[in-house]
Structures are given as C-alpha cells and as structure tokens.
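Report on the structure given below.
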Amino acid sequence: MKILVTVKRVIDYAVKIRVKPDKSGVETQNVKMSMNPFCEIALEEALRIKEAGLASEVVAVSMGSAQCVDTLRTGLAMGADRGIHVEATGALYPLTVAKVLKALVEVEKPQLIIVGKQAIDDDCNQTGQMVAGLLGWPQGTFASKVLLDKDKQLATVEREVDGGLETLCLDLPAVITTDLRLNQPRYATLPNIMKAKSKVVKKYTPQELNVEIKSDLEVIDVTEPPKRKAGVIVSSVDVLIDKLKNEAHVI
C-alpha cells in the first residue's frame, strides 16, 4: 500500500501575523515558516501505519515556491520515503490543489491519501473533501482515530462530531483528513535530517500534470481584527446585567 500525504509550508504558528501595508495579504518576507501543524499530524499517522506493516511507502507532496522543498525535507527527515514538489508561483486555492492531487494520484496510484483537515494560514478546510469528490473516493474527515484492515481493504475512521463520536467504515482507496487529537507528531532527529538530504524529491509543474492554475476568487482586502477593549470590573450583579443589556446588547 502506498500513502500520499500533503505537507504545506505556512507561517509558523508562534509568529505574530502582520498585514502588508497595501492590505493585499500578510507579510511573509523574513518570517519564520514551517510545516502546517495538521500536515505534521497527517504525516505522523501515515508513518505509524507504515511502521505497523500496513503500508510499503509514504510519499510527501508539497506545492508552491522553491522554498517548499525545505518543508518536504522536514517531512523526509520525519520518515517519509520520498517527496514530490509541484512548483507554482502565486496563490494556490483548494480547488486547484485538489486538481493537482488528482493528477498525481493518476501518476502515483496510492491506496490512501491523508491530508490535514485545514491549513492554519487560510483555514479553508476544503482540499480533502474536494479531492475525494474529484476522485469519487470515500472520505473520512476530522479523524481522531484511524484503523486499517489490509486484508479487507477497509479503513475505519473515528471522528469527533457535536454529539460525540462518529465511526465510519471506508472502502480503500480513500481520503482521510486529520484532526488535532489524532496523534502527537515526532521530532526529526539529527541523523534522519542528514539522511533526508539524500532522499529523492521529484519535481513537477502544473503544466506537466495538465492542470491550469487559476482562481475564481479575488482577495479584495486584508485587515487586522479590531483591537479588543480593556475589561472592566463591575461592583455588583445588577451593574453587570445593565452593561450586558445596554452596552453589549447581548441580553
């Protein structure tokens, strides 16, 4: 079984986001970048499946500028067998990413795709669902537990919903998107970081995959959220109720 895992290069979660002066987006120059945390969880799950003897190969895929290779190398250092870099300039929106993944599936023939449920830069939460729709594969989203039956070619996905837990049984091939509590990603050790430098990273362009990079979306304006007002201490419950009713207008 071959597993395809997506890894996205995003602004590090600990960095304070700054909006560009022209409000066309957020500042990415001279900003620490890292792998999207949900992608780390997806890769960790794929590696655990391989270590359990249920998969033969884990392939990491990243799309974007040349710097995405650094993110791929991190994934290879964690344990992925090889990487694929689809080089593209400009913004990549979920539908375009899903089309590229569909084209890669036709080349790589994986039996399972694992992606993070969302990226922390755009919070779209759309790519996994879209690629499943384009491929006509079953999908298990927001997975908090994944079990595979290699003989029966089934994946059992436990997912968190508002009412508790929901369990889905998927026929392979399938698409799974990972939630925060699925696992705790490993750290790449120094020996594995050195080994990752010699692992293969194959490059494609969208044109080679017959995918047109375009978007039906246009970003009009990016602004910072309004600053929160300082809290106040009230002297009594009556004053609190009065403020909630007449100032906050929430009751």
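To be explicit about the labels: the chains of the structure tokens are called A, B, and onward in the order shown, and within each one the residues are counted from 1, while ligands get numbers from 1 in the order they are shown.
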
Quiz item: So which residues of segment 39-161 of chain A fall under strand (DSSP E) by DSSP, listed as an NGL selection string?
Solution: :A and (57-64 or 82-87 or 112-116 or 139-149 or 154-161)

Atoms to include: C-alpha atoms. Write the selected residues as a CSV table (one decimal), in the first residue's frame.
```
chain,number,residue,atom,x,y,z
A,57,GLU,CA,5.7,3.6,1.1
A,58,VAL,CA,4.9,7.1,2.3
A,59,VAL,CA,5.1,9.9,-0.3
A,60,ALA,CA,5.1,13.5,0.8
A,61,VAL,CA,3.7,16.2,-1.6
A,62,SER,CA,4.1,19.9,-1.4
A,63,MET,CA,3.0,22.7,-3.8
A,64,GLY,CA,4.3,26.2,-4.2
A,82,ARG,CA,10.4,10.4,-1.0
A,83,GLY,CA,8.9,13.7,-1.9
A,84,ILE,CA,7.1,15.4,-4.7
A,85,HIS,CA,7.3,19.1,-5.3
A,86,VAL,CA,4.8,20.8,-7.7
A,87,GLU,CA,6.4,24.1,-8.4
A,112,LEU,CA,-4.7,6.2,0.7
A,113,ILE,CA,-4.5,10.0,0.8
A,114,ILE,CA,-4.0,11.6,4.2
A,115,VAL,CA,-4.2,15.4,4.5
A,116,GLY,CA,-4.5,17.8,7.4
A,139,GLN,CA,-13.8,10.3,2.7
A,140,GLY,CA,-13.3,10.4,6.4
A,141,THR,CA,-12.9,13.9,7.7
A,142,PHE,CA,-11.7,15.2,11.1
A,143,ALA,CA,-10.2,11.8,12.0
A,144,SER,CA,-9.4,11.3,15.7
A,145,LYS,CA,-8.6,7.6,15.2
A,146,VAL,CA,-7.7,5.6,12.2
A,147,LEU,CA,-7.6,1.7,11.8
A,148,LEU,CA,-6.8,-0.1,8.6
A,149,ASP,CA,-7.7,-3.7,7.6
A,154,LEU,CA,-11.1,-1.1,4.7
A,155,ALA,CA,-10.3,1.9,6.8
A,156,THR,CA,-12.2,2.6,10.0
A,157,VAL,CA,-12.2,6.3,10.9
A,158,GLU,CA,-13.4,7.6,14.3
A,159,ARG,CA,-14.3,11.3,14.1
A,160,GLU,CA,-15.5,13.9,16.6
A,161,VAL,CA,-18.9,15.5,16.0
```

Would you pick out the contacts of segment 194-207 of chain A at 12 Å or less, using only C-alpha atoms, so that residues sharing its chain but fewer than 5 positions from it are not included, and give the list as an mmCIF file with N, CA, C and O atoms, in the first residue's frame?
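That gives us selection_17.cif:
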```cif
data_model
loop_
_atom_site.group_PDB
_atom_site.id
_atom_site.type_symbol
_atom_site.label_atom_id
_atom_site.label_comp_id
_atom_site.auth_asym_id
_atom_site.auth_seq_id
_atom_site.Cartn_x
_atom_site.Cartn_y
_atom_site.Cartn_z
ATOM 1 N N VAL A 59 4.675 8.860 0.627
ATOM 2 C CA VAL A 59 5.148 9.898 -0.289
ATOM 3 C C VAL A 59 4.590 11.244 0.166
ATOM 4 O O VAL A 59 3.373 11.402 0.319
ATOM 5 N N ALA A 60 5.476 12.207 0.401
ATOM 6 C CA ALA A 60 5.064 13.546 0.829
ATOM 7 C C ALA A 60 4.988 14.463 -0.390
ATOM 8 O O ALA A 60 5.868 14.426 -1.252
ATOM 9 N N VAL A 61 3.930 15.275 -0.434
ATOM 10 C CA VAL A 61 3.699 16.177 -1.567
ATOM 11 C C VAL A 61 3.556 17.602 -1.056
ATOM 12 O O VAL A 61 2.854 17.855 -0.070
ATOM 13 N N SER A 62 4.247 18.536 -1.726
ATOM 14 C CA SER A 62 4.090 19.949 -1.401
ATOM 15 C C SER A 62 3.968 20.743 -2.695
ATOM 16 O O SER A 62 4.555 20.366 -3.716
ATOM 17 N N MET A 63 3.233 21.827 -2.631
ATOM 18 C CA MET A 63 3.012 22.679 -3.812
ATOM 19 C C MET A 63 3.329 24.119 -3.472
ATOM 20 O O MET A 63 3.003 24.587 -2.379
ATOM 21 N N GLY A 64 3.968 24.800 -4.412
ATOM 22 C CA GLY A 64 4.281 26.206 -4.192
ATOM 23 C C GLY A 64 5.668 26.559 -4.679
ATOM 24 O O GLY A 64 6.204 25.937 -5.609
ATOM 25 N N SER A 65 6.268 27.554 -4.031
ATOM 26 C CA SER A 65 7.574 28.068 -4.449
ATOM 27 C C SER A 65 8.690 27.073 -4.162
ATOM 28 O O SER A 65 8.480 26.030 -3.532
ATOM 29 N N ALA A 66 9.895 27.433 -4.593
ATOM 30 C CA ALA A 66 11.050 26.554 -4.410
ATOM 31 C C ALA A 66 11.345 26.301 -2.937
ATOM 32 O O ALA A 66 11.900 25.260 -2.574
ATOM 33 N N CYS A 68 9.392 25.450 -0.732
ATOM 34 C CA CYS A 68 8.596 24.318 -0.230
ATOM 35 C C CYS A 68 9.430 23.049 -0.111
ATOM 36 O O CYS A 68 9.062 22.127 0.625
ATOM 37 N N VAL A 69 10.561 23.007 -0.836
ATOM 38 C CA VAL A 69 11.433 21.838 -0.738
ATOM 39 C C VAL A 69 11.961 21.697 0.688
ATOM 40 O O VAL A 69 12.151 20.583 1.187
ATOM 41 N N ASP A 70 12.197 22.825 1.371
ATOM 42 C CA ASP A 70 12.653 22.767 2.762
ATOM 43 C C ASP A 70 11.615 22.060 3.639
ATOM 44 O O ASP A 70 11.965 21.273 4.522
ATOM 45 N N THR A 71 10.339 22.359 3.395
ATOM 46 C CA THR A 71 9.268 21.703 4.141
ATOM 47 C C THR A 71 9.223 20.213 3.822
ATOM 48 O O THR A 71 9.025 19.373 4.703
ATOM 49 N N LEU A 72 9.442 19.894 2.544
ATOM 50 C CA LEU A 72 9.484 18.488 2.147
ATOM 51 C C LEU A 72 10.633 17.764 2.836
ATOM 52 O O LEU A 72 10.488 16.625 3.288
ATOM 53 N N ARG A 73 11.790 18.429 2.944
ATOM 54 C CA ARG A 73 12.941 17.812 3.603
ATOM 55 C C ARG A 73 12.627 17.525 5.078
ATOM 56 O O ARG A 73 13.079 16.521 5.637
ATOM 57 N N THR A 74 11.846 18.404 5.700
ATOM 58 C CA THR A 74 11.427 18.144 7.074
ATOM 59 C C THR A 74 10.578 16.878 7.140
ATOM 60 O O THR A 74 10.739 16.042 8.030
ATOM 61 N N GLY A 75 9.662 16.740 6.184
ATOM 62 C CA GLY A 75 8.837 15.537 6.123
ATOM 63 C C GLY A 75 9.655 14.281 5.862
ATOM 64 O O GLY A 75 9.400 13.221 6.440
ATOM 65 N N LEU A 76 10.675 14.408 5.014
ATOM 66 C CA LEU A 76 11.554 13.267 4.739
ATOM 67 C C LEU A 76 12.375 12.910 5.972
ATOM 68 O O LEU A 76 12.635 11.738 6.245
ATOM 69 N N ALA A 77 12.771 13.932 6.735
ATOM 70 C CA ALA A 77 13.523 13.682 7.974
ATOM 71 C C ALA A 77 12.653 13.012 9.024
ATOM 72 O O ALA A 77 13.149 12.241 9.856
ATOM 73 N N MET A 78 11.347 13.289 8.998
ATOM 74 C CA MET A 78 10.438 12.619 9.926
ATOM 75 C C MET A 78 10.282 11.145 9.579
ATOM 76 O O MET A 78 9.964 10.329 10.454
ATOM 77 N N GLY A 79 10.477 10.813 8.267
ATOM 78 C CA GLY A 79 10.393 9.409 7.909
ATOM 79 C C GLY A 79 9.757 9.095 6.571
ATOM 80 O O GLY A 79 9.700 7.926 6.173
ATOM 81 N N ALA A 80 9.267 10.111 5.850
ATOM 82 C CA ALA A 80 8.687 9.856 4.527
ATOM 83 C C ALA A 80 9.764 9.292 3.597
ATOM 84 O O ALA A 80 10.951 9.624 3.723
ATOM 85 N N ASP A 81 9.364 8.429 2.664
ATOM 86 C CA ASP A 81 10.325 7.745 1.800
ATOM 87 C C ASP A 81 10.831 8.629 0.670
ATOM 88 O O ASP A 81 12.000 8.575 0.307
ATOM 89 N N ARG A 82 9.966 9.439 0.101
ATOM 90 C CA ARG A 82 10.368 10.361 -0.956
ATOM 91 C C ARG A 82 9.388 11.521 -1.030
ATOM 92 O O ARG A 82 8.324 11.493 -0.393
ATOM 93 N N GLY A 83 9.773 12.539 -1.786
ATOM 94 C CA GLY A 83 8.937 13.730 -1.866
ATOM 95 C C GLY A 83 8.588 14.086 -3.298
ATOM 96 O O GLY A 83 9.290 13.705 -4.242
ATOM 97 N N ILE A 84 7.517 14.823 -3.446
ATOM 98 C CA ILE A 84 7.103 15.374 -4.742
ATOM 99 C C ILE A 84 6.842 16.859 -4.551
ATOM 100 O O ILE A 84 6.090 17.254 -3.655
ATOM 101 N N HIS A 85 7.490 17.673 -5.378
ATOM 102 C CA HIS A 85 7.290 19.116 -5.317
ATOM 103 C C HIS A 85 6.668 19.591 -6.627
ATOM 104 O O HIS A 85 7.254 19.418 -7.697
ATOM 105 N N VAL A 86 5.476 20.159 -6.510
ATOM 106 C CA VAL A 86 4.815 20.771 -7.671
ATOM 107 C C VAL A 86 5.080 22.269 -7.584
ATOM 108 O O VAL A 86 4.527 22.953 -6.725
ATOM 109 N N GLU A 87 5.954 22.745 -8.446
ATOM 110 C CA GLU A 87 6.402 24.138 -8.363
ATOM 111 C C GLU A 87 5.385 25.063 -9.024
ATOM 112 O O GLU A 87 5.012 24.875 -10.182
ATOM 113 N N ALA A 88 4.949 26.044 -8.254
ATOM 114 C CA ALA A 88 3.971 27.008 -8.759
ATOM 115 C C ALA A 88 4.179 28.342 -8.050
ATOM 116 O O ALA A 88 4.570 28.376 -6.883
ATOM 117 N N THR A 89 3.938 29.407 -8.766
ATOM 118 C CA THR A 89 4.037 30.743 -8.179
ATOM 119 C C THR A 89 2.635 31.297 -7.968
ATOM 120 O O THR A 89 1.685 30.892 -8.629
ATOM 121 N N LEU A 92 -2.320 29.448 -4.306
ATOM 122 C CA LEU A 92 -2.953 28.191 -4.693
ATOM 123 C C LEU A 92 -4.180 27.986 -3.813
ATOM 124 O O LEU A 92 -4.054 27.862 -2.599
ATOM 125 N N THR A 96 -7.731 24.176 -6.926
ATOM 126 C CA THR A 96 -6.546 23.950 -7.754
ATOM 127 C C THR A 96 -5.663 22.877 -7.138
ATOM 128 O O THR A 96 -5.169 21.978 -7.839
ATOM 129 N N VAL A 97 -5.463 22.949 -5.823
ATOM 130 C CA VAL A 97 -4.653 21.939 -5.126
ATOM 131 C C VAL A 97 -5.282 20.558 -5.292
ATOM 132 O O VAL A 97 -4.581 19.560 -5.537
ATOM 133 N N ALA A 98 -6.602 20.481 -5.183
ATOM 134 C CA ALA A 98 -7.300 19.201 -5.338
ATOM 135 C C ALA A 98 -7.118 18.639 -6.752
ATOM 136 O O ALA A 98 -6.935 17.430 -6.932
ATOM 137 N N LYS A 99 -7.137 19.509 -7.749
ATOM 138 C CA LYS A 99 -6.938 19.059 -9.139
ATOM 139 C C LYS A 99 -5.518 18.541 -9.345
ATOM 140 O O LYS A 99 -5.307 17.538 -10.037
ATOM 141 N N VAL A 100 -4.539 19.223 -8.733
ATOM 142 C CA VAL A 100 -3.152 18.755 -8.823
ATOM 143 C C VAL A 100 -3.006 17.398 -8.140
ATOM 144 O O VAL A 100 -2.352 16.481 -8.668
ATOM 145 N N LEU A 101 -3.626 17.241 -6.974
ATOM 146 C CA LEU A 101 -3.564 15.956 -6.263
ATOM 147 C C LEU A 101 -4.211 14.844 -7.086
ATOM 148 O O LEU A 101 -3.705 13.715 -7.131
ATOM 149 N N LYS A 102 -5.317 15.155 -7.720
ATOM 150 C CA LYS A 102 -5.984 14.160 -8.570
ATOM 151 C C LYS A 102 -5.045 13.706 -9.692
ATOM 152 O O LYS A 102 -4.946 12.499 -9.995
ATOM 153 N N ALA A 103 -4.329 14.669 -10.288
ATOM 154 C CA ALA A 103 -3.382 14.322 -11.351
ATOM 155 C C ALA A 103 -2.232 13.474 -10.812
ATOM 156 O O ALA A 103 -1.773 12.530 -11.469
ATOM 157 N N LEU A 104 -1.760 13.789 -9.604
ATOM 158 C CA LEU A 104 -0.688 13.000 -9.002
ATOM 159 C C LEU A 104 -1.149 11.593 -8.650
ATOM 160 O O LEU A 104 -0.369 10.635 -8.725
ATOM 161 N N VAL A 107 -0.741 9.378 -11.465
ATOM 162 C CA VAL A 107 0.658 9.009 -11.710
ATOM 163 C C VAL A 107 1.156 8.011 -10.668
ATOM 164 O O VAL A 107 1.775 6.996 -10.991
ATOM 165 N N GLU A 108 0.869 8.293 -9.380
ATOM 166 C CA GLU A 108 1.441 7.526 -8.278
ATOM 167 C C GLU A 108 0.625 6.292 -7.883
ATOM 168 O O GLU A 108 1.160 5.363 -7.296
ATOM 169 N N ALA A 188 12.082 15.356 14.162
ATOM 170 C CA ALA A 188 13.100 14.799 13.282
ATOM 171 C C ALA A 188 14.440 14.798 14.012
ATOM 172 O O ALA A 188 14.865 15.824 14.540
ATOM 173 N N THR A 189 15.090 13.652 14.069
ATOM 174 C CA THR A 189 16.394 13.552 14.734
ATOM 175 C C THR A 189 17.494 14.000 13.778
ATOM 176 O O THR A 189 17.318 14.007 12.548
ATOM 177 N N GLU A 212 -4.480 23.565 -14.977
ATOM 178 C CA GLU A 212 -4.384 25.013 -15.178
ATOM 179 C C GLU A 212 -4.511 25.725 -13.829
ATOM 180 O O GLU A 212 -5.449 25.467 -13.079
ATOM 181 N N ILE A 213 -3.546 26.579 -13.538
ATOM 182 C CA ILE A 213 -3.576 27.334 -12.284
ATOM 183 C C ILE A 213 -4.417 28.586 -12.488
ATOM 184 O O ILE A 213 -4.038 29.508 -13.195
ATOM 185 N N LYS A 214 -5.577 28.582 -11.891
ATOM 186 C CA LYS A 214 -6.444 29.753 -11.960
ATOM 187 C C LYS A 214 -7.318 29.775 -10.716
ATOM 188 O O LYS A 214 -7.396 28.801 -9.977
#
```

Practice problem: Would you mind listing what lies within 7 Å of Trp137 of chain A as a PyMOL selection string, with only C-alpha atoms counted and same-chain residues fewer than 3 positions away left out? | Solution: chain A and resi 132-133+173-175

Exercise. Determine which residues of segment 5-248 of chain A receive a DSSP assignment of helix (DSSP H, G or I), computed from the backbone, and state them as a ChimeraX atom specification.
Key: /A:37-51,68-78,94-108,127-135,190-196,237-246

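Picture a line from atom CA of Leu95 of chain A to atom CA of Cys124 of chain A; it runs 10.6 Å.
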
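Distance check against Glu27 of chain A using only C-alpha atoms: of A:Ser236, A:Thr223, A:Thr127, A:Asn246, the minimum falls on A:Thr223.
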
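Straight-line separation from atom CA of Met33 of chain A to atom CA of Thr178 of chain A: 21.0 Å.
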
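For Arg18 of chain A, the list of residues within 12 Å, based on only C-alpha atoms and with local chain neighbours fewer than 5 positions off taken out, reads A:Ile11, A:Lys23, A:Ser24, A:Gly25, A:Val26, A:Glu27, A:Thr28, A:Gln29, A:Asn30, A:Val31, A:Val222, A:Thr223, A:Glu224, A:Pro225.
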
Please produce an output containing N, CA and C atoms for each residue in the selection, written as a CSV table (one decimal), in the first residue's frame.
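What ended up in result-v6.csv:
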```csv
chain,number,residue,atom,x,y,z
A,11,ILE,N,3.3,30.1,7.6
A,11,ILE,CA,3.9,30.9,8.6
A,11,ILE,C,3.8,30.1,9.9
A,23,LYS,N,-2.4,46.1,2.2
A,23,LYS,CA,-3.5,45.3,2.6
A,23,LYS,C,-3.8,44.2,1.6
A,24,SER,N,-2.8,43.8,0.8
A,24,SER,CA,-3.0,42.7,-0.2
A,24,SER,C,-2.9,41.3,0.4
A,25,GLY,N,-2.4,41.2,1.6
A,25,GLY,CA,-2.1,39.9,2.2
A,25,GLY,C,-1.4,40.1,3.5
A,26,VAL,N,-0.7,39.0,4.0
A,26,VAL,CA,0.1,39.1,5.2
A,26,VAL,C,1.5,39.0,4.8
A,27,GLU,N,2.4,39.6,5.7
A,27,GLU,CA,3.8,39.7,5.4
A,27,GLU,C,4.5,38.3,5.6
A,28,THR,N,5.2,37.9,4.5
A,28,THR,CA,5.9,36.6,4.6
A,28,THR,C,7.4,36.7,4.4
A,29,GLN,N,7.9,37.9,4.1
A,29,GLN,CA,9.3,38.2,4.0
A,29,GLN,C,10.0,38.2,5.3
A,30,ASN,N,11.1,37.5,5.5
A,30,ASN,CA,11.8,37.5,6.7
A,30,ASN,C,11.0,37.0,7.9
A,31,VAL,N,10.1,36.0,7.6
A,31,VAL,CA,9.2,35.5,8.6
A,31,VAL,C,9.5,34.0,8.7
A,222,VAL,N,-7.3,42.8,3.0
A,222,VAL,CA,-6.9,42.0,4.2
A,222,VAL,C,-6.6,43.0,5.3
A,223,THR,N,-7.3,42.9,6.4
A,223,THR,CA,-7.2,43.8,7.5
A,223,THR,C,-7.0,43.1,8.8
A,224,GLU,N,-6.4,43.7,9.8
A,224,GLU,CA,-6.3,43.1,11.1
A,224,GLU,C,-7.6,43.2,11.9
A,225,PRO,N,-7.9,42.3,12.7
A,225,PRO,CA,-9.2,42.4,13.5
A,225,PRO,C,-9.1,43.6,14.4
```
